[in-house]
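Asker: Mind having a look at this structure? Questions to follow.
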Amino acid sequence: MGQVSAMSGAYRGTLSALHRHPVKGFTPEALASALLEPGLCFPCDRLYAVEDGPSGFDPAAPRHISKIRFIVLANIAAVAQVRTRYDEAAGELLAKAPGRKPFRAVLANATGRAAFANWLQQVLGDQASGPLRVLEAPGEHRFMDSRAGFVSLINLASVRDLEAKVGRPLDPLRFRANLYVDGWPPWVENACIGGTVAIGDVRAAVTKPTGRCRAIHVDPHRGVEDIDLVSQLFNHFGHTVMGVYLTVEKGGRIGAGDALEMTP
């Protein structure tokens with residue numbers, strides 16, 4: 001169990017896992033550690049996105065675009081059946097899908113991005129509106145769901161509390177976060193908006209709760225919608241949030257197993 005410091009009111013836990021999502025909407029990738037930098041998104045997270053028809057995104061003047069303009073689980077559950085792995089050093093994506101030959105291409109160049117879009121169009125067929133186009137985030141821009149708060153965090157105790165209410169196991173990867181924390185009481189993160197998370201030398205502001213959509217209805221392994229978790233959240237807890245967004249204020253390297261403290 002986690003500990004609560006009586007003097008500071010801080011909640012102490014352990015950073016259980018770290019994940020990135022190099023292509024928005026596609027496979028989470030586990031990391032042993034990551035270097036967080038002030039004001040920036042989680043490393044290599046939502047670096048690419050697949051546009052489902054013209055989105056209006058302008059790489060010369062990047063701005064937040066709603067996730068509904070992209071290939072994401074909220075629109076197409078079968079996206080979870082496509083398994084991707086990104087080689088950051090080579091800029092290369094490996095993708096696999098049932099009944100299809102594996103795909104491999106360098107997304108750092110236009111030819112590779114076009115090839116992935118074509119392969120994915122064949123996989124998804126008329127589930128996608130199209131035409132598909134793979135976008136690369138320019139500079140420090142990333143294709144985040146939120147306009148504010150660039151590192152997402154899930155309290156695993158909150159997931160377990162929801163599991164108990166719905167009466168079935170829930171893979172935390174449904175919630176597609178960067179950081180997964182064990183040892184806190186359930187739902188304390190919702191009471192700490194405006195507070196601080198400390199992991200070693202790293203300091204981050206707890207910016208906002210993470211509102212949820214039907215993407216969390218999708219089993220991340222089978223690629224099918226199997227439970228209405230948005231309604232379950234509201235019916236059992238009176239809200240539709242799971243997790244919080246952080247804004248890094250002091251950077252540093254963090255890793256799985258690190259002690260973590262959240263202060264309201």
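If you're wondering about the labels, chains in the structure tokens are A, B, ... by order shown, residues count from 1 in each chain, ligands from 1 in order shown.
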Contacts of stretch 244-251 of chain A at 10 Å or less, counting only C-alpha atoms, minus same-chain residues fewer than 5 places along, as a ChimeraX atom specification?
Answerer: /A:35-42,146,148-155,177-179,189-190,192-211
Asker: Store the residues picked out above, limited to C-alpha atoms, as a PDB file, in the first residue's frame.
Answerer:
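Okay, out20.pdb is ready:
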ATOM      1  CA  LEU A  35      14.141  11.791 -20.110  1.00  0.00           C
ATOM      2  CA  LEU A  36      11.523  14.445 -19.334  1.00  0.00           C
ATOM      3  CA  GLU A  37      12.190  18.052 -20.323  1.00  0.00           C
ATOM      4  CA  PRO A  38      10.503  21.210 -19.016  1.00  0.00           C
ATOM      5  CA  GLY A  39       7.430  22.235 -20.985  1.00  0.00           C
ATOM      6  CA  LEU A  40       7.705  19.364 -23.467  1.00  0.00           C
ATOM      7  CA  CYS A  41       5.622  16.286 -24.171  1.00  0.00           C
ATOM      8  CA  PHE A  42       6.657  12.780 -23.183  1.00  0.00           C
ATOM      9  CA  SER A 146      -5.272  17.840 -24.760  1.00  0.00           C
ATOM     10  CA  ALA A 148      -2.753  21.719 -21.933  1.00  0.00           C
ATOM     11  CA  GLY A 149      -0.734  19.174 -20.010  1.00  0.00           C
ATOM     12  CA  PHE A 150       1.695  17.084 -22.007  1.00  0.00           C
ATOM     13  CA  VAL A 151       2.476  14.001 -19.904  1.00  0.00           C
ATOM     14  CA  SER A 152      -0.395  11.712 -18.919  1.00  0.00           C
ATOM     15  CA  LEU A 153      -0.550   9.723 -15.686  1.00  0.00           C
ATOM     16  CA  ILE A 154      -2.807   6.902 -14.457  1.00  0.00           C
ATOM     17  CA  ASN A 155      -3.297   5.879 -10.834  1.00  0.00           C
ATOM     18  CA  ALA A 177      -1.121   6.985 -20.499  1.00  0.00           C
ATOM     19  CA  ASN A 178       2.599   7.705 -20.281  1.00  0.00           C
ATOM     20  CA  LEU A 179       3.043   7.039 -16.565  1.00  0.00           C
ATOM     21  CA  GLU A 189      -5.196  12.337  -8.282  1.00  0.00           C
ATOM     22  CA  ASN A 190      -8.525  14.130  -8.835  1.00  0.00           C
ATOM     23  CA  CYS A 192      -4.520  17.125  -6.548  1.00  0.00           C
ATOM     24  CA  ILE A 193      -5.205  19.314  -9.591  1.00  0.00           C
ATOM     25  CA  GLY A 194      -2.917  22.304  -9.186  1.00  0.00           C
ATOM     26  CA  GLY A 195      -0.537  20.250  -7.080  1.00  0.00           C
ATOM     27  CA  THR A 196       2.870  18.754  -7.835  1.00  0.00           C
ATOM     28  CA  VAL A 197       4.323  15.362  -8.748  1.00  0.00           C
ATOM     29  CA  ALA A 198       7.954  14.691  -7.820  1.00  0.00           C
ATOM     30  CA  ILE A 199      10.011  11.800  -9.224  1.00  0.00           C
ATOM     31  CA  GLY A 200      13.613  12.119  -8.097  1.00  0.00           C
ATOM     32  CA  ASP A 201      14.783  15.508  -9.349  1.00  0.00           C
ATOM     33  CA  VAL A 202      11.817  15.847 -11.725  1.00  0.00           C
ATOM     34  CA  ARG A 203       8.995  18.202 -10.807  1.00  0.00           C
ATOM     35  CA  ALA A 204       5.713  18.451 -12.687  1.00  0.00           C
ATOM     36  CA  ALA A 205       2.513  20.412 -12.141  1.00  0.00           C
ATOM     37  CA  VAL A 206      -0.736  18.440 -12.059  1.00  0.00           C
ATOM     38  CA  THR A 207      -2.488  20.403 -14.795  1.00  0.00           C
ATOM     39  CA  LYS A 208      -5.927  18.897 -15.380  1.00  0.00           C
ATOM     40  CA  PRO A 209      -7.958  15.673 -15.174  1.00  0.00           C
ATOM     41  CA  THR A 210      -8.134  13.458 -18.234  1.00  0.00           C
ATOM     42  CA  GLY A 211     -11.660  13.352 -19.600  1.00  0.00           C
TER      43      GLY A 211
END
Asker: Once DSSP has gone over the backbone, tell me which residues of stretch 28-230 of chain A are in helix (DSSP H, G or I), as a PyMOL selection string.
Answerer: chain A and resi 67-69+77-81+110-127+156-166+172-175+188-191+214-217+229-230
Asker: For A:Ala34, which residue out of A:Gly9, A:Gly252, A:Pro169, A:Gly257 is the nearest one, using only C-alpha atoms?
Answerer: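 The shortest atom-to-atom distance to A:Ala34 comes from A:Gly252.
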Asker: Of the candidates A:Gln127, A:Leu31, A:His64, A:Gln232, which one gets nearest to A:Lys165 if we count only C-alpha atoms?
Answerer: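 Between A:Gln127, A:Leu31, A:His64, A:Gln232, the residue approaching A:Lys165 most closely is A:Gln232.
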Asker: Ranking A:Asp182, A:Asp45, A:Asp171, A:Asp161 by minimum distance to A:His236 and counting only C-alpha atoms, which one comes first?
Answerer: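 Closest residue, counting only C-alpha atoms: A:Asp161.
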Asker: Compile the contact shell of A:Asn118 as a list in words: residues with an atom at most 12 Å away, counting only C-alpha atoms, same-chain residues fewer than 6 positions apart removed.
Answerer: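 That gives Val50, Phe103, Ala105, Thr111, Gly112, Leu124, Gly125, Ala128, Gly130, Pro131, Leu132, Arg133 and Val134 of chain A.
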Asker: List the neighbours of A:Asp258 out to 8 Å using only C-alpha atoms; skip same-chain residues closer than 3 positions along the sequence, and give me the result as a ChimeraX atom specification.
Answerer: /A:14-16,199-200,254-255
Asker: Please, which residues of stretch 156-253 of chain A, numbered as in this document, come out strand (DSSP E) from DSSP, as JSON, numbers by chain?
Answerer: {"A": [179, 180, 181, 182, 196, 197, 198, 199, 202, 203, 204, 205, 206, 207, 208, 209, 210, 211, 241, 242, 243, 244, 245, 246, 247, 248, 249, 250, 252, 253]}
Asker: With C-alpha atoms retained, export the selected residues as a PDB file, in the first residue's frame.
Answerer:
ATOM      1  CA  LEU A 179       3.043   7.039 -16.565  1.00  0.00           C
ATOM      2  CA  TYR A 180       1.352   4.358 -14.447  1.00  0.00           C
ATOM      3  CA  VAL A 181       1.601   4.728 -10.670  1.00  0.00           C
ATOM      4  CA  ASP A 182       1.037   2.142  -7.954  1.00  0.00           C
ATOM      5  CA  THR A 196       2.870  18.754  -7.835  1.00  0.00           C
ATOM      6  CA  VAL A 197       4.323  15.362  -8.748  1.00  0.00           C
ATOM      7  CA  ALA A 198       7.954  14.691  -7.820  1.00  0.00           C
ATOM      8  CA  ILE A 199      10.011  11.800  -9.224  1.00  0.00           C
ATOM      9  CA  VAL A 202      11.817  15.847 -11.725  1.00  0.00           C
ATOM     10  CA  ARG A 203       8.995  18.202 -10.807  1.00  0.00           C
ATOM     11  CA  ALA A 204       5.713  18.451 -12.687  1.00  0.00           C
ATOM     12  CA  ALA A 205       2.513  20.412 -12.141  1.00  0.00           C
ATOM     13  CA  VAL A 206      -0.736  18.440 -12.059  1.00  0.00           C
ATOM     14  CA  THR A 207      -2.488  20.403 -14.795  1.00  0.00           C
ATOM     15  CA  LYS A 208      -5.927  18.897 -15.380  1.00  0.00           C
ATOM     16  CA  PRO A 209      -7.958  15.673 -15.174  1.00  0.00           C
ATOM     17  CA  THR A 210      -8.134  13.458 -18.234  1.00  0.00           C
ATOM     18  CA  GLY A 211     -11.660  13.352 -19.600  1.00  0.00           C
ATOM     19  CA  VAL A 241     -12.286  11.107 -15.932  1.00  0.00           C
ATOM     20  CA  MET A 242      -9.457   8.658 -15.415  1.00  0.00           C
ATOM     21  CA  GLY A 243      -5.974  10.015 -14.817  1.00  0.00           C
ATOM     22  CA  VAL A 244      -4.403  13.450 -14.960  1.00  0.00           C
ATOM     23  CA  TYR A 245      -2.170  15.500 -17.237  1.00  0.00           C
ATOM     24  CA  LEU A 246       1.160  16.847 -16.014  1.00  0.00           C
ATOM     25  CA  THR A 247       3.306  19.743 -17.189  1.00  0.00           C
ATOM     26  CA  VAL A 248       7.014  19.168 -16.542  1.00  0.00           C
ATOM     27  CA  GLU A 249       8.603  22.130 -14.746  1.00  0.00           C
ATOM     28  CA  LYS A 250      11.990  20.609 -13.855  1.00  0.00           C
ATOM     29  CA  GLY A 252      15.393  14.739 -15.538  1.00  0.00           C
ATOM     30  CA  ARG A 253      15.467  11.012 -16.207  1.00  0.00           C
TER      31      ARG A 253
END
Asker: Rounded to one decimal, what separation in Å do you get between atom CA of A:Arg147 and atom CA of A:Val23?
Answerer: 17.8 Å
Asker: Leaving out stretch 75-88 of chain A and any residue of its chain fewer than 2 positions from it, which residues lie within 7 Å of it when counting only C-alpha atoms, given as a ChimeraX atom specification?
Answerer: /A:22,26-27,68,71-73,90-97,127,218,220-225
Asker: If you measure from atom CA of A:Ala115 to atom CA of A:Lys101, what distance in Å do you get, rounded to one decimal?
Answerer: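 According to the coordinates, atom CA of A:Ala115 and atom CA of A:Lys101 are separated by 13.3 Å.
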Asker: So, counting only C-alpha atoms, which residue among A:Phe143, A:Trp184, A:Phe175, A:Phe234 is closest to A:Arg63?
Answerer: A:Phe143
Asker: What does the distance between atom CA of A:Trp187 and atom CA of A:Arg160 come to in Å, to one decimal place?
Answerer: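 Answer for the atom CA of A:Trp187 to atom CA of A:Arg160 separation: 10.4 Å.
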Asker: Looking at A:Ala137, A:Ala117, A:Ala259, A:Ala10, which one is nearest to A:Ala191, with distances taken over only C-alpha atoms?
Answerer: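 The closest residue to A:Ala191 is A:Ala10.
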Asker: Env of A:Ser66: 9 Å cut, atoms = only C-alpha atoms, seq-sep filter 4 positions within chain, self excluded. Answer as a PyMOL selection string.
Answerer: chain A and resi 55+70+144-146
Asker: Which one is closest to A:Ala89: A:Leu120, A:Ala108, A:Ala74, A:Cys213? Count only C-alpha atoms.
Answerer: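 For A:Ala89, the nearest of the candidates is A:Ala108.
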